Every structure is written in structure tokens, then in C-alpha cells.
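Engineer: This is the content of structure-v2.txt (compact mmCIF, C-alpha atoms and all ligand atoms):
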```txt
# COMPACT_ATOMS: atom_id res chain seq x y z
CA MET A 1 -22.85 -8.50 1.62
CA GLN A 2 -23.35 -11.51 3.82
CA LEU A 3 -21.44 -11.21 7.07
CA PHE A 4 -19.94 -14.25 8.68
CA LYS A 5 -20.93 -14.10 12.31
CA ASN A 6 -19.63 -17.08 14.16
CA LYS A 7 -17.24 -17.19 17.05
CA ASN A 8 -14.26 -17.65 14.74
CA ILE A 9 -14.55 -14.39 12.83
CA LYS A 10 -15.15 -11.15 14.72
CA ALA A 11 -14.41 -8.46 12.13
CA LYS A 12 -16.84 -7.81 9.30
CA VAL A 13 -15.42 -10.51 7.09
CA ASP A 14 -17.47 -11.73 4.15
CA LYS A 15 -17.22 -15.50 4.36
CA ASN A 16 -18.15 -15.83 0.70
CA ALA A 17 -15.29 -13.66 -0.52
CA LEU A 18 -12.35 -15.07 1.41
CA PRO A 19 -9.00 -15.11 -0.33
CA ALA A 20 -8.19 -18.71 -1.28
CA HIS A 21 -4.49 -18.12 -0.63
CA ILE A 22 -2.89 -15.91 2.02
CA ALA A 23 0.89 -15.49 2.16
CA ILE A 24 2.66 -14.12 5.22
CA ILE A 25 6.14 -12.70 5.80
CA MET A 26 6.59 -13.80 9.42
CA ASP A 27 8.70 -10.79 10.42
CA GLY A 28 9.48 -9.00 13.67
CA ASN A 29 10.51 -11.92 15.89
CA GLY A 30 13.85 -10.34 16.83
CA ARG A 31 12.39 -6.94 17.73
CA TRP A 32 9.57 -8.59 19.67
CA ALA A 33 12.21 -10.31 21.82
CA GLN A 34 14.48 -7.27 22.14
CA LYS A 35 11.55 -5.18 23.37
CA ARG A 36 11.20 -7.68 26.23
CA GLY A 37 14.93 -7.90 26.99
CA LEU A 38 15.01 -11.45 25.62
CA PRO A 39 17.46 -13.00 23.15
CA ARG A 40 16.38 -12.94 19.49
CA THR A 41 16.02 -16.72 19.60
CA ALA A 42 13.18 -16.35 22.12
CA GLY A 43 11.41 -14.28 19.47
CA HIS A 44 11.76 -17.09 16.96
CA ALA A 45 10.32 -19.58 19.46
CA ALA A 46 7.35 -17.26 20.05
CA GLY A 47 6.99 -16.77 16.28
CA ALA A 48 6.86 -20.53 15.76
CA GLU A 49 3.95 -20.72 18.23
CA THR A 50 2.17 -17.95 16.36
CA PHE A 51 2.62 -19.89 13.13
CA ARG A 52 0.80 -22.87 14.69
CA THR A 53 -2.04 -20.66 15.93
CA ILE A 54 -2.50 -18.77 12.67
CA ALA A 55 -2.31 -21.91 10.50
CA THR A 56 -5.13 -23.44 12.54
CA TYR A 57 -7.08 -20.21 12.38
CA LEU A 58 -6.84 -19.90 8.59
CA LYS A 59 -7.79 -23.53 8.14
CA ASP A 60 -10.81 -23.15 10.42
CA ILE A 61 -12.19 -20.08 8.66
CA GLY A 62 -11.92 -21.82 5.27
CA VAL A 63 -8.84 -20.39 3.59
CA LYS A 64 -7.39 -23.09 1.28
CA TYR A 65 -3.70 -22.17 1.01
CA MET A 66 -1.26 -20.51 3.37
CA THR A 67 2.32 -19.70 2.39
CA VAL A 68 4.74 -18.54 5.06
CA TYR A 69 8.22 -17.08 4.75
CA ALA A 70 10.26 -18.94 7.36
CA PHE A 71 13.87 -18.47 6.21
CA SER A 72 15.18 -16.54 3.22
CA THR A 73 18.22 -17.16 1.03
CA GLU A 74 19.63 -14.01 2.69
CA ASN A 75 18.98 -15.08 6.29
CA TRP A 76 22.24 -17.12 6.32
CA LYS A 77 23.95 -13.76 6.99
CA ARG A 78 22.80 -14.00 10.62
CA SER A 79 24.87 -15.45 13.46
CA GLN A 80 25.34 -19.20 13.50
CA GLU A 81 23.57 -19.30 16.85
CA GLU A 82 20.47 -17.64 15.43
CA VAL A 83 20.43 -19.78 12.28
CA SER A 84 20.74 -23.01 14.31
CA ALA A 85 17.99 -21.89 16.66
CA ILE A 86 15.64 -21.31 13.71
CA MET A 87 16.56 -24.67 12.16
CA SER A 88 15.98 -26.53 15.40
CA LEU A 89 12.55 -24.88 15.81
CA LEU A 90 11.74 -26.09 12.31
CA GLU A 91 12.87 -29.61 13.21
CA ASN A 92 10.62 -29.58 16.28
CA TYR A 93 7.70 -28.42 14.20
CA LEU A 94 8.29 -31.16 11.64
CA TYR A 95 8.43 -33.91 14.28
CA GLU A 96 5.11 -32.63 15.54
CA ALA A 97 3.64 -32.30 12.03
CA ILE A 98 4.63 -35.84 11.09
CA GLU A 99 2.59 -37.08 14.06
CA LYS A 100 -0.41 -34.82 13.56
CA MET A 101 -0.80 -33.67 9.97
CA GLU A 102 -2.94 -36.60 8.86
CA GLU A 103 -5.34 -36.16 11.75
CA ASP A 104 -5.38 -32.36 11.24
CA ASN A 105 -5.79 -32.73 7.47
CA ILE A 106 -2.82 -30.47 6.72
CA ASN A 107 -0.72 -30.84 3.60
CA LEU A 108 2.80 -29.41 4.04
CA THR A 109 5.01 -28.38 1.12
CA PHE A 110 8.40 -26.65 1.10
CA PHE A 111 9.40 -23.90 -1.30
CA GLY A 112 13.13 -23.31 -1.60
CA ASP A 113 16.45 -25.02 -2.09
CA THR A 114 16.74 -27.67 0.60
CA THR A 115 20.23 -28.86 -0.44
CA PRO A 116 22.20 -26.75 2.09
CA LEU A 117 20.00 -27.90 4.99
CA SER A 118 21.14 -30.52 7.50
CA ASP A 119 20.61 -34.22 6.70
CA LYS A 120 18.21 -34.44 9.61
CA LEU A 121 16.04 -31.58 8.40
CA ARG A 122 16.07 -32.91 4.86
CA SER A 123 14.96 -36.34 5.96
CA LEU A 124 12.15 -34.81 8.04
CA ILE A 125 11.09 -32.81 4.97
CA GLU A 126 11.07 -36.00 2.92
CA ARG A 127 8.87 -37.71 5.49
CA THR A 128 6.40 -34.84 5.55
CA ASN A 129 6.35 -34.82 1.73
CA ASP A 130 5.49 -38.55 1.72
CA ILE A 131 2.66 -38.04 4.18
CA SER A 132 1.42 -34.93 2.35
CA ALA A 133 1.08 -36.92 -0.87
CA ARG A 134 -1.79 -38.79 0.83
CA ILE A 135 -3.55 -35.70 2.19
CA ASP A 136 -5.86 -33.47 0.20
CA GLY A 137 -6.46 -30.88 2.92
CA PHE A 138 -5.46 -27.37 3.95
CA LYS A 139 -2.27 -26.58 2.09
CA VAL A 140 0.61 -24.97 3.96
CA ASN A 141 3.69 -23.96 1.98
CA VAL A 142 6.76 -23.23 4.08
CA CYS A 143 9.38 -21.08 2.35
CA LEU A 144 12.67 -22.35 3.64
CA ASN A 145 15.99 -21.18 2.21
CA TYR A 146 13.66 -19.46 -0.23
CA GLY A 147 14.30 -16.44 -2.42
CA GLY A 148 12.01 -15.23 -5.20
CA ARG A 149 14.96 -14.60 -7.51
CA ASP A 150 16.48 -17.98 -6.69
CA GLU A 151 13.12 -19.61 -7.47
CA ILE A 152 12.98 -17.98 -10.90
CA VAL A 153 16.56 -18.96 -11.77
CA HIS A 154 15.90 -22.50 -10.52
CA ALA A 155 12.76 -22.73 -12.69
CA ALA A 156 14.68 -21.52 -15.75
CA LYS A 157 17.35 -24.17 -15.15
CA GLU A 158 14.73 -26.89 -14.73
CA TYR A 159 13.03 -25.88 -17.97
CA MET A 160 16.33 -26.02 -19.82
CA LYS A 161 17.33 -29.32 -18.23
CA ALA A 162 14.01 -30.78 -19.38
CA GLY A 163 14.95 -29.77 -22.93
CA GLY A 164 12.33 -26.99 -22.99
CA ASP A 165 11.97 -25.12 -26.25
CA PRO A 166 12.34 -21.31 -25.84
CA GLU A 167 9.61 -20.80 -28.46
CA GLN A 168 7.13 -22.85 -26.44
CA LEU A 169 7.79 -21.02 -23.17
CA THR A 170 4.77 -19.09 -21.88
CA GLU A 171 4.03 -17.61 -18.46
CA GLU A 172 1.77 -20.56 -17.74
CA VAL A 173 4.39 -23.15 -18.72
CA PHE A 174 7.08 -21.31 -16.76
CA SER A 175 4.96 -21.20 -13.61
CA ASN A 176 4.86 -25.00 -13.65
CA TYR A 177 8.60 -25.02 -13.00
CA LEU A 178 8.39 -22.79 -9.93
CA TYR A 179 8.28 -24.23 -6.41
CA SER A 180 4.67 -23.04 -6.35
CA ALA A 181 3.60 -25.15 -9.36
CA GLY A 182 -0.12 -25.90 -9.08
CA VAL A 183 -0.72 -23.36 -6.30
CA PRO A 184 -2.81 -20.30 -7.25
CA ASP A 185 -1.13 -16.93 -6.69
CA PRO A 186 -1.85 -15.39 -3.27
CA GLU A 187 -4.64 -12.82 -3.39
CA LEU A 188 -3.35 -11.33 -0.13
CA ILE A 189 0.18 -10.94 1.24
CA ILE A 190 0.56 -9.85 4.86
CA ARG A 191 3.73 -8.26 6.22
CA PRO A 192 3.87 -7.54 9.94
CA SER A 193 6.58 -5.58 11.80
CA GLY A 194 6.29 -2.19 10.13
CA GLU A 195 8.48 -2.92 7.11
CA TYR A 196 7.15 -1.94 3.70
CA ARG A 197 9.07 -4.22 1.39
CA ILE A 198 8.83 -7.63 -0.23
CA SER A 199 12.32 -8.91 0.81
CA ASN A 200 12.59 -11.40 -2.07
CA PHE A 201 9.28 -13.13 -1.28
CA LEU A 202 7.11 -14.64 -4.07
CA LEU A 203 8.40 -12.20 -6.70
CA TRP A 204 6.66 -14.00 -9.56
CA GLN A 205 3.46 -14.83 -7.70
CA CYS A 206 2.86 -11.37 -6.16
CA ALA A 207 2.19 -9.70 -9.54
CA TYR A 208 -1.40 -8.82 -8.54
CA SER A 209 -1.47 -9.63 -4.83
CA GLU A 210 -2.97 -7.12 -2.44
CA MET A 211 -0.33 -6.17 0.14
CA TYR A 212 -1.32 -5.60 3.75
CA PHE A 213 1.22 -3.99 6.08
CA THR A 214 0.92 -3.65 9.84
CA ASP A 215 3.22 -2.55 12.67
CA ARG A 216 2.34 -5.57 14.79
CA PHE A 217 5.28 -7.96 15.34
CA TRP A 218 4.64 -11.52 14.14
CA PRO A 219 4.71 -13.15 17.63
CA ASP A 220 1.87 -10.78 18.66
CA PHE A 221 -0.30 -11.77 15.69
CA THR A 222 -3.76 -13.18 16.45
CA GLY A 223 -6.83 -14.24 14.54
CA ALA A 224 -8.18 -10.70 15.00
CA ASP A 225 -5.20 -9.35 13.00
CA ILE A 226 -5.97 -11.85 10.24
CA ASP A 227 -9.61 -10.70 10.24
CA ARG A 228 -8.50 -7.08 9.93
CA ALA A 229 -6.27 -7.97 6.99
CA ILE A 230 -9.05 -9.90 5.26
CA GLU A 231 -11.56 -7.13 5.89
CA TRP A 232 -9.12 -4.64 4.37
CA TYR A 233 -8.56 -6.98 1.41
CA GLN A 234 -12.29 -7.25 0.83
CA GLY A 235 -12.49 -3.48 0.49
CA ARG A 236 -9.95 -3.35 -2.33
CA SER A 237 -10.91 -2.93 -5.96
CA ARG A 238 -8.91 -5.51 -7.90
CA ARG A 239 -8.59 -4.47 -11.53
CA PHE A 240 -5.76 -6.59 -12.94
CA GLY A 241 -4.93 -3.82 -15.37
CA GLY A 242 -8.49 -3.42 -16.54
CA VAL A 243 -11.15 -0.87 -15.68
CA LYS A 244 -13.93 -1.34 -13.14
C1 LIG B 301 11.59 -12.95 11.07
O1 LIG B 301 11.89 -12.18 12.19
C2 LIG B 301 12.18 -14.34 11.15
C3 LIG B 301 13.25 -14.57 10.17
C4 LIG B 301 13.67 -13.71 9.28
C5 LIG B 301 13.88 -15.86 10.18
P1 LIG B 301 13.26 -11.37 12.28
O2 LIG B 301 14.27 -12.24 12.93
O3 LIG B 301 13.64 -10.82 10.96
O4 LIG B 301 12.85 -10.21 13.26
P2 LIG B 301 13.34 -8.71 13.19
O5 LIG B 301 12.94 -8.20 11.83
O6 LIG B 301 14.81 -8.71 13.38
O7 LIG B 301 12.58 -8.03 14.28
C1 LIG B 302 12.07 -11.61 5.58
O1 LIG B 302 12.40 -10.94 6.74
C2 LIG B 302 12.37 -13.08 5.71
C3 LIG B 302 11.53 -13.83 6.65
C4 LIG B 302 10.58 -13.34 7.39
C5 LIG B 302 11.83 -15.22 6.74
P1 LIG B 302 13.84 -10.26 6.94
O2 LIG B 302 13.86 -9.74 8.31
O3 LIG B 302 14.91 -11.20 6.55
O4 LIG B 302 13.80 -9.09 5.85
P2 LIG B 302 14.58 -7.71 5.82
O5 LIG B 302 16.04 -8.02 6.01
O6 LIG B 302 14.05 -6.86 6.92
O7 LIG B 302 14.27 -7.13 4.48
MG MG B 303 13.18 -9.09 10.03
```
Write the structure described by the file as C-alpha cells, please.
Structural biologist:
Amino acid sequence: MQLFKNKNIKAKVDKNALPAHIAIIMDGNGRWAQKRGLPRTAGHAAGAETFRTIATYLKDIGVKYMTVYAFSTENWKRSQEEVSAIMSLLENYLYEAIEKMEEDNINLTFFGDTTPLSDKLRSLIERTNDISARIDGFKVNVCLNYGGRDEIVHAAKEYMKAGGDPEQLTEEVFSNYLYSAGVPDPELIIRPSGEYRISNFLLWQCAYSEMYFTDRFWPDFTGADIDRAIEWYQGRSRRFGGVK
């Protein structure tokens, strides 16, 4: 095994066997804040900073795709104050991304139903989509008002609307109607915050993903945590139902 020893990667990560796609459930913002006597919204602000840091880190080490769970179809159950705080952090990030994504070579895509979002947020998403169409770089998928079940139902509707023939429907064809069309399934899914569940994230795509759980809250996440997750992933035996 060839070890990658540069300043970016400290754990024993094999640079030649990196997952192409890492998906992250950015969880634990609220508890991170509560532990410090801060409002939950402060946790979301800290989590947004961590997202910036980790996106840069993954891009620098050579991962090709990153998918993050930012807001689920169930997260509307939270207080209006919390929901608006999350949405305004997203707006801020998008203003920044619109300025910098070309220079940073980052391609941003959104998974989820954007119709219930504010006009402002939707127009920012449209602008980032336009810019992304010109960029063939590190691909970041932001799951926003996303639910795995919702995605599957949406894909089924789209197939039917397109006049799809039930007899012609295969797994491959169906996956082209998902928000993730064209994106390979994540080899590794990371869930911080000590929860051991999928919470409606990438239900179709996670069929053979390796799942890494850690107690660390998302705002505390660093590149070293990513290295640990990748090192763990590289020790797994992936069989896909076969025998090795
Ligand atoms: C994840 O952190 C962010 C969102 C779900 C939007 P949480 O807000 O769920 O943090 P905890 O789980 O309450 O600590
Ligand atoms: C999953 O976290 C959603 C996001 C991180 C955006 P939740 O905090 O909503 O999940 P549960 O409620 O603990 O399952
Ligand atoms: Mg949570």
C-alpha cells in the first residue's frame, strides 16, 4: 500500500484508493451549541463554517464528489426562527459561492424540491446552476429540502410524465430520474453526532455505501476526522453481495 504523506493527509490514507464520492449528514449543530450555552442557531452558523472547511479539504485531497445533507423534508418541523436562520446561512453561502466558485473550480448542484423555498433562495440557486454549467470541477451536491423517499417518488412521477414505459424501466433508467442523475453512488457516508441512522438520506444511492459513524458534532469536524473516516473505509472489505 502506498501511503500519501503530504501535509494535507496525516492519517494512513492510501491516496490511490480514495473514495470518489463522500456523502455527509451534517448533524449535531444544535447539541454543539447547547453544550456551550449558545442558541441552536449559533450551532448552524458554526456548522456552515465547517462545511466550507471540509469542502476545501476534500477537494484538495482529490475526492471528486461531496454530497451534504443541509436540510431535510422533515426539518420544517423545527421552529420558524431556526428554519429562517438555516435558510439565511444558505443564502449567505450562495452569495459567496456565486463570487468564488469559478475561481475555486467548484460545481454546485442542489438535490431536493426547491419549490417551497423563498424566491430569493431560488433565484440564487438558479444563478449557481448557471455558473456550475460552465465548471467541470469538484462537484458539491447540497441536499436542501431533500428526502430520500421524496426523491424516489419525484423520480417515479418524472418517468411517468415523460411517458416512460413500465416494461422498459430498469434500475439504471430509474436512477437517471433521481436528483443524483449522473453522480456515482457514494462509497462512503459519514454521520457525525453519535446517531446511528440514515434519517431519509440517499435511500436509493446508499445501497452499498460504507457507513462511518462518529460521536463528534459536525461543527467540531476537521480534516483529521475525514482522514480517520477514509482510513476506516479503506480497511473495509466491499463485497457487493459476492464473495471475496
Ligand atoms: C444538523 O444539526 C443541521 C440540520 C438538521 C439542519 P441539528 O440541528 O440536527 O443538530 P442536533 O442534532 O439537534 O444536535
Ligand atoms: C438529518 O439530521 C438532517 C440533516 C443533517 C440536514 P436530523 O437531526 O434532522 O435527523 P434526526 O431527526 O436526528 O433523525
Ligand atoms: Mg440532528
Engineer: Which residue, A:Gly235, A:Pro19, A:Gly194, A:Gly182, has the smallest gap to ligand LIG 302 (chain B) when you use only C-alpha atoms and all ligand atoms?
Structural biologist: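 Among the listed residues, the smallest separation from ligand LIG 302 (chain B) belongs to A:Gly194.
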Engineer: Can you tell me which residues sit at most 7 Å away from ligand MG 303 (chain B), counting all atoms listed in the file, written as a ChimeraX atom specification?
Structural biologist: /A:27-28,30
Engineer: Go through chain A and flag each residue having an atom no more than 8 Å from ligand LIG 301 (chain B); for those, report the closest pair of atoms plus their distance in Å to one decimal, using all atoms listed in the file, ordered by chain and rising number, as a tab-separated table.
Structural biologist:
```
residue	atom	partner	partner_atom	distance
A:Ile25	CA	B:LIG301	C1	7.6
A:Met26	CA	B:LIG301	C1	5.3
A:Asp27	CA	B:LIG301	C1	3.7
A:Gly28	CA	B:LIG301	O7	3.3
A:Asn29	CA	B:LIG301	O4	3.9
A:Gly30	CA	B:LIG301	O7	3.7
A:Arg31	CA	B:LIG301	O7	3.6
A:Trp32	CA	B:LIG301	O7	6.2
A:Ala33	CA	B:LIG301	O7	7.9
A:Arg40	CA	B:LIG301	O2	6.9
A:Gly43	CA	B:LIG301	O2	7.4
A:His44	CA	B:LIG301	C2	6.4
A:Gly47	CA	B:LIG301	C2	7.7
A:Tyr69	CA	B:LIG301	C3	7.8
A:Ala70	CA	B:LIG301	C5	5.5
A:Phe71	CA	B:LIG301	C5	4.8
A:Ser72	CA	B:LIG301	C4	6.9
A:Asn75	CA	B:LIG301	C4	6.2
A:Val83	CA	B:LIG301	C5	7.9
A:Ile86	CA	B:LIG301	C5	6.7
A:Ser193	CA	B:LIG301	O5	6.9
A:Phe217	CA	B:LIG301	O7	7.4
A:Trp218	CA	B:LIG301	O1	7.5
```
Engineer: Keeping C-alpha atoms for every residue in the selection just given, could you write it to a file as an mmCIF file, keeping the file's coordinate frame?
Structural biologist:
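For reference, out.cif as written:
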```
data_model
loop_
_atom_site.group_PDB
_atom_site.id
_atom_site.type_symbol
_atom_site.label_atom_id
_atom_site.label_comp_id
_atom_site.auth_asym_id
_atom_site.auth_seq_id
_atom_site.Cartn_x
_atom_site.Cartn_y
_atom_site.Cartn_z
ATOM 1 C CA ILE A 25 6.140 -12.700 5.800
ATOM 2 C CA MET A 26 6.590 -13.800 9.420
ATOM 3 C CA ASP A 27 8.700 -10.790 10.420
ATOM 4 C CA GLY A 28 9.480 -9.000 13.670
ATOM 5 C CA ASN A 29 10.510 -11.920 15.890
ATOM 6 C CA GLY A 30 13.850 -10.340 16.830
ATOM 7 C CA ARG A 31 12.390 -6.940 17.730
ATOM 8 C CA TRP A 32 9.570 -8.590 19.670
ATOM 9 C CA ALA A 33 12.210 -10.310 21.820
ATOM 10 C CA ARG A 40 16.380 -12.940 19.490
ATOM 11 C CA GLY A 43 11.410 -14.280 19.470
ATOM 12 C CA HIS A 44 11.760 -17.090 16.960
ATOM 13 C CA GLY A 47 6.990 -16.770 16.280
ATOM 14 C CA TYR A 69 8.220 -17.080 4.750
ATOM 15 C CA ALA A 70 10.260 -18.940 7.360
ATOM 16 C CA PHE A 71 13.870 -18.470 6.210
ATOM 17 C CA SER A 72 15.180 -16.540 3.220
ATOM 18 C CA ASN A 75 18.980 -15.080 6.290
ATOM 19 C CA VAL A 83 20.430 -19.780 12.280
ATOM 20 C CA ILE A 86 15.640 -21.310 13.710
ATOM 21 C CA SER A 193 6.580 -5.580 11.800
ATOM 22 C CA PHE A 217 5.280 -7.960 15.340
ATOM 23 C CA TRP A 218 4.640 -11.520 14.140
#
```
Engineer: Within 10 Å of stretch 154-160 of chain A, counting all atoms listed in the file, which residues show up once you throw out same-chain ones fewer than 6 positions away? Write them as a list in words, please.
Structural biologist: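 The contact residues come out as Gly112, Asp113, Gly148, Pro166, Leu169, Val173, Phe174, Ser175, Asn176, Tyr177, Leu178 and Tyr179 of chain A.
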Engineer: Ranking A:Arg149, A:Lys244, A:Arg197, A:Arg127 by minimum distance to ligand LIG 302 (chain B) and counting all atoms listed in the file, which one comes first?
Structural biologist: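 Closest to ligand LIG 302 (chain B), using all atoms listed in the file: A:Arg197.
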Engineer: Pick from A:Ser84, A:Asn200, A:Thr53, A:Asn141: nearest to ligand LIG 302 (chain B), with all atoms listed in the file counted?
Structural biologist: A:Asn200
Engineer: For ligand LIG 302 (chain B), which residue among A:Glu187, A:Asp104, A:Glu195, A:Asp225 is the nearest when counting only C-alpha atoms and all ligand atoms?
Structural biologist: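 Closest to ligand LIG 302 (chain B) of all the choices is A:Glu195.
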Engineer: Which of these residues is nearest to ligand LIG 302 (chain B), using only C-alpha atoms and all ligand atoms: A:Arg134, A:Lys77, A:Lys161, A:Lys120?
Structural biologist: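 For ligand LIG 302 (chain B), the nearest of the candidates is A:Lys77.
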Engineer: What residues have an atom no more than 12 Å from (-5.2, -22.0, 14.2) in the file's own frame, counting all atoms listed in the file, and can you write them as a PDB file with C-alpha atoms, in the frame of the given file?
Structural biologist:
```pdb
ATOM      1  CA  ASN A   8     -14.260 -17.650  14.740  1.00  0.00           C
ATOM      2  CA  GLU A  49       3.950 -20.720  18.230  1.00  0.00           C
ATOM      3  CA  THR A  50       2.170 -17.950  16.360  1.00  0.00           C
ATOM      4  CA  PHE A  51       2.620 -19.890  13.130  1.00  0.00           C
ATOM      5  CA  ARG A  52       0.800 -22.870  14.690  1.00  0.00           C
ATOM      6  CA  THR A  53      -2.040 -20.660  15.930  1.00  0.00           C
ATOM      7  CA  ILE A  54      -2.500 -18.770  12.670  1.00  0.00           C
ATOM      8  CA  ALA A  55      -2.310 -21.910  10.500  1.00  0.00           C
ATOM      9  CA  THR A  56      -5.130 -23.440  12.540  1.00  0.00           C
ATOM     10  CA  TYR A  57      -7.080 -20.210  12.380  1.00  0.00           C
ATOM     11  CA  LEU A  58      -6.840 -19.900   8.590  1.00  0.00           C
ATOM     12  CA  LYS A  59      -7.790 -23.530   8.140  1.00  0.00           C
ATOM     13  CA  ASP A  60     -10.810 -23.150  10.420  1.00  0.00           C
ATOM     14  CA  ILE A  61     -12.190 -20.080   8.660  1.00  0.00           C
ATOM     15  CA  GLY A  62     -11.920 -21.820   5.270  1.00  0.00           C
ATOM     16  CA  VAL A  63      -8.840 -20.390   3.590  1.00  0.00           C
ATOM     17  CA  MET A  66      -1.260 -20.510   3.370  1.00  0.00           C
ATOM     18  CA  ASP A 104      -5.380 -32.360  11.240  1.00  0.00           C
ATOM     19  CA  ILE A 106      -2.820 -30.470   6.720  1.00  0.00           C
ATOM     20  CA  PHE A 138      -5.460 -27.370   3.950  1.00  0.00           C
ATOM     21  CA  PHE A 221      -0.300 -11.770  15.690  1.00  0.00           C
ATOM     22  CA  THR A 222      -3.760 -13.180  16.450  1.00  0.00           C
ATOM     23  CA  GLY A 223      -6.830 -14.240  14.540  1.00  0.00           C
ATOM     24  CA  ALA A 224      -8.180 -10.700  15.000  1.00  0.00           C
ATOM     25  CA  ILE A 226      -5.970 -11.850  10.240  1.00  0.00           C
TER      26      ILE A 226
END
```
Engineer: Could you jot down the atom CA of A:Glu172 to atom CA of A:Val68 separation for me, Å, one decimal place?
Structural biologist: 23.1 Å
Engineer: Distance atom O6 of ligand LIG 302 (chain B)-atom CA of A:Ser199, one decimal place?
Structural biologist: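 These atoms are spaced 6.7 Å apart.
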Engineer: So how many Å separate atom CA of A:Asn129 and atom CA of A:Leu108, to one decimal?
Structural biologist: 6.9 Å
Engineer: Return the single residue from A:Trp76, A:Tyr212, A:Phe110, A:Tyr146 that is closest to A:Leu188, with distances computed using all atoms listed in the file.
Structural biologist: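 For A:Leu188, the nearest of the candidates is A:Tyr212.
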Engineer: Give the padded box for stretch 77-89 of chain A as JSON: axis-aligned, covering all atoms listed in the file, 5 Å on each side, centre and edge lengths in Å to one decimal.
Structural biologist:
```
{"center_x": 18.9, "center_y": -20.1, "center_z": 11.9, "size_x": 22.8, "size_y": 22.8, "size_z": 19.9}
```
Engineer: For A:Asp130, list every protein, DNA or RNA residue within 12 Å, evaluated using only C-alpha atoms, and leave out those in the same chain fewer than 2 positions away; present the list as a list in words.
Structural biologist: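 So the residues in contact are Ile98, Met101, Glu102, Asn107, Leu108, Thr109, Ser123, Leu124, Ile125, Glu126, Arg127, Thr128, Ser132, Ala133, Arg134 and Ile135 of chain A.
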Engineer: Go ahead and write the residues just picked, C-alpha atoms, as a PDB file, in the frame of the given file.
Structural biologist:
```
ATOM      1  CA  ILE A  98       4.630 -35.840  11.090  1.00  0.00           C
ATOM      2  CA  MET A 101      -0.800 -33.670   9.970  1.00  0.00           C
ATOM      3  CA  GLU A 102      -2.940 -36.600   8.860  1.00  0.00           C
ATOM      4  CA  ASN A 107      -0.720 -30.840   3.600  1.00  0.00           C
ATOM      5  CA  LEU A 108       2.800 -29.410   4.040  1.00  0.00           C
ATOM      6  CA  THR A 109       5.010 -28.380   1.120  1.00  0.00           C
ATOM      7  CA  SER A 123      14.960 -36.340   5.960  1.00  0.00           C
ATOM      8  CA  LEU A 124      12.150 -34.810   8.040  1.00  0.00           C
ATOM      9  CA  ILE A 125      11.090 -32.810   4.970  1.00  0.00           C
ATOM     10  CA  GLU A 126      11.070 -36.000   2.920  1.00  0.00           C
ATOM     11  CA  ARG A 127       8.870 -37.710   5.490  1.00  0.00           C
ATOM     12  CA  THR A 128       6.400 -34.840   5.550  1.00  0.00           C
ATOM     13  CA  SER A 132       1.420 -34.930   2.350  1.00  0.00           C
ATOM     14  CA  ALA A 133       1.080 -36.920  -0.870  1.00  0.00           C
ATOM     15  CA  ARG A 134      -1.790 -38.790   0.830  1.00  0.00           C
ATOM     16  CA  ILE A 135      -3.550 -35.700   2.190  1.00  0.00           C
TER      17      ILE A 135
END
```
Engineer: Name all residues at most 7 Å from A:Tyr208 (count all atoms listed in the file; drop same-chain ones fewer than 2 positions away) and give them as a PyMOL selection string.
Structural biologist: chain A and resi 206+210+240
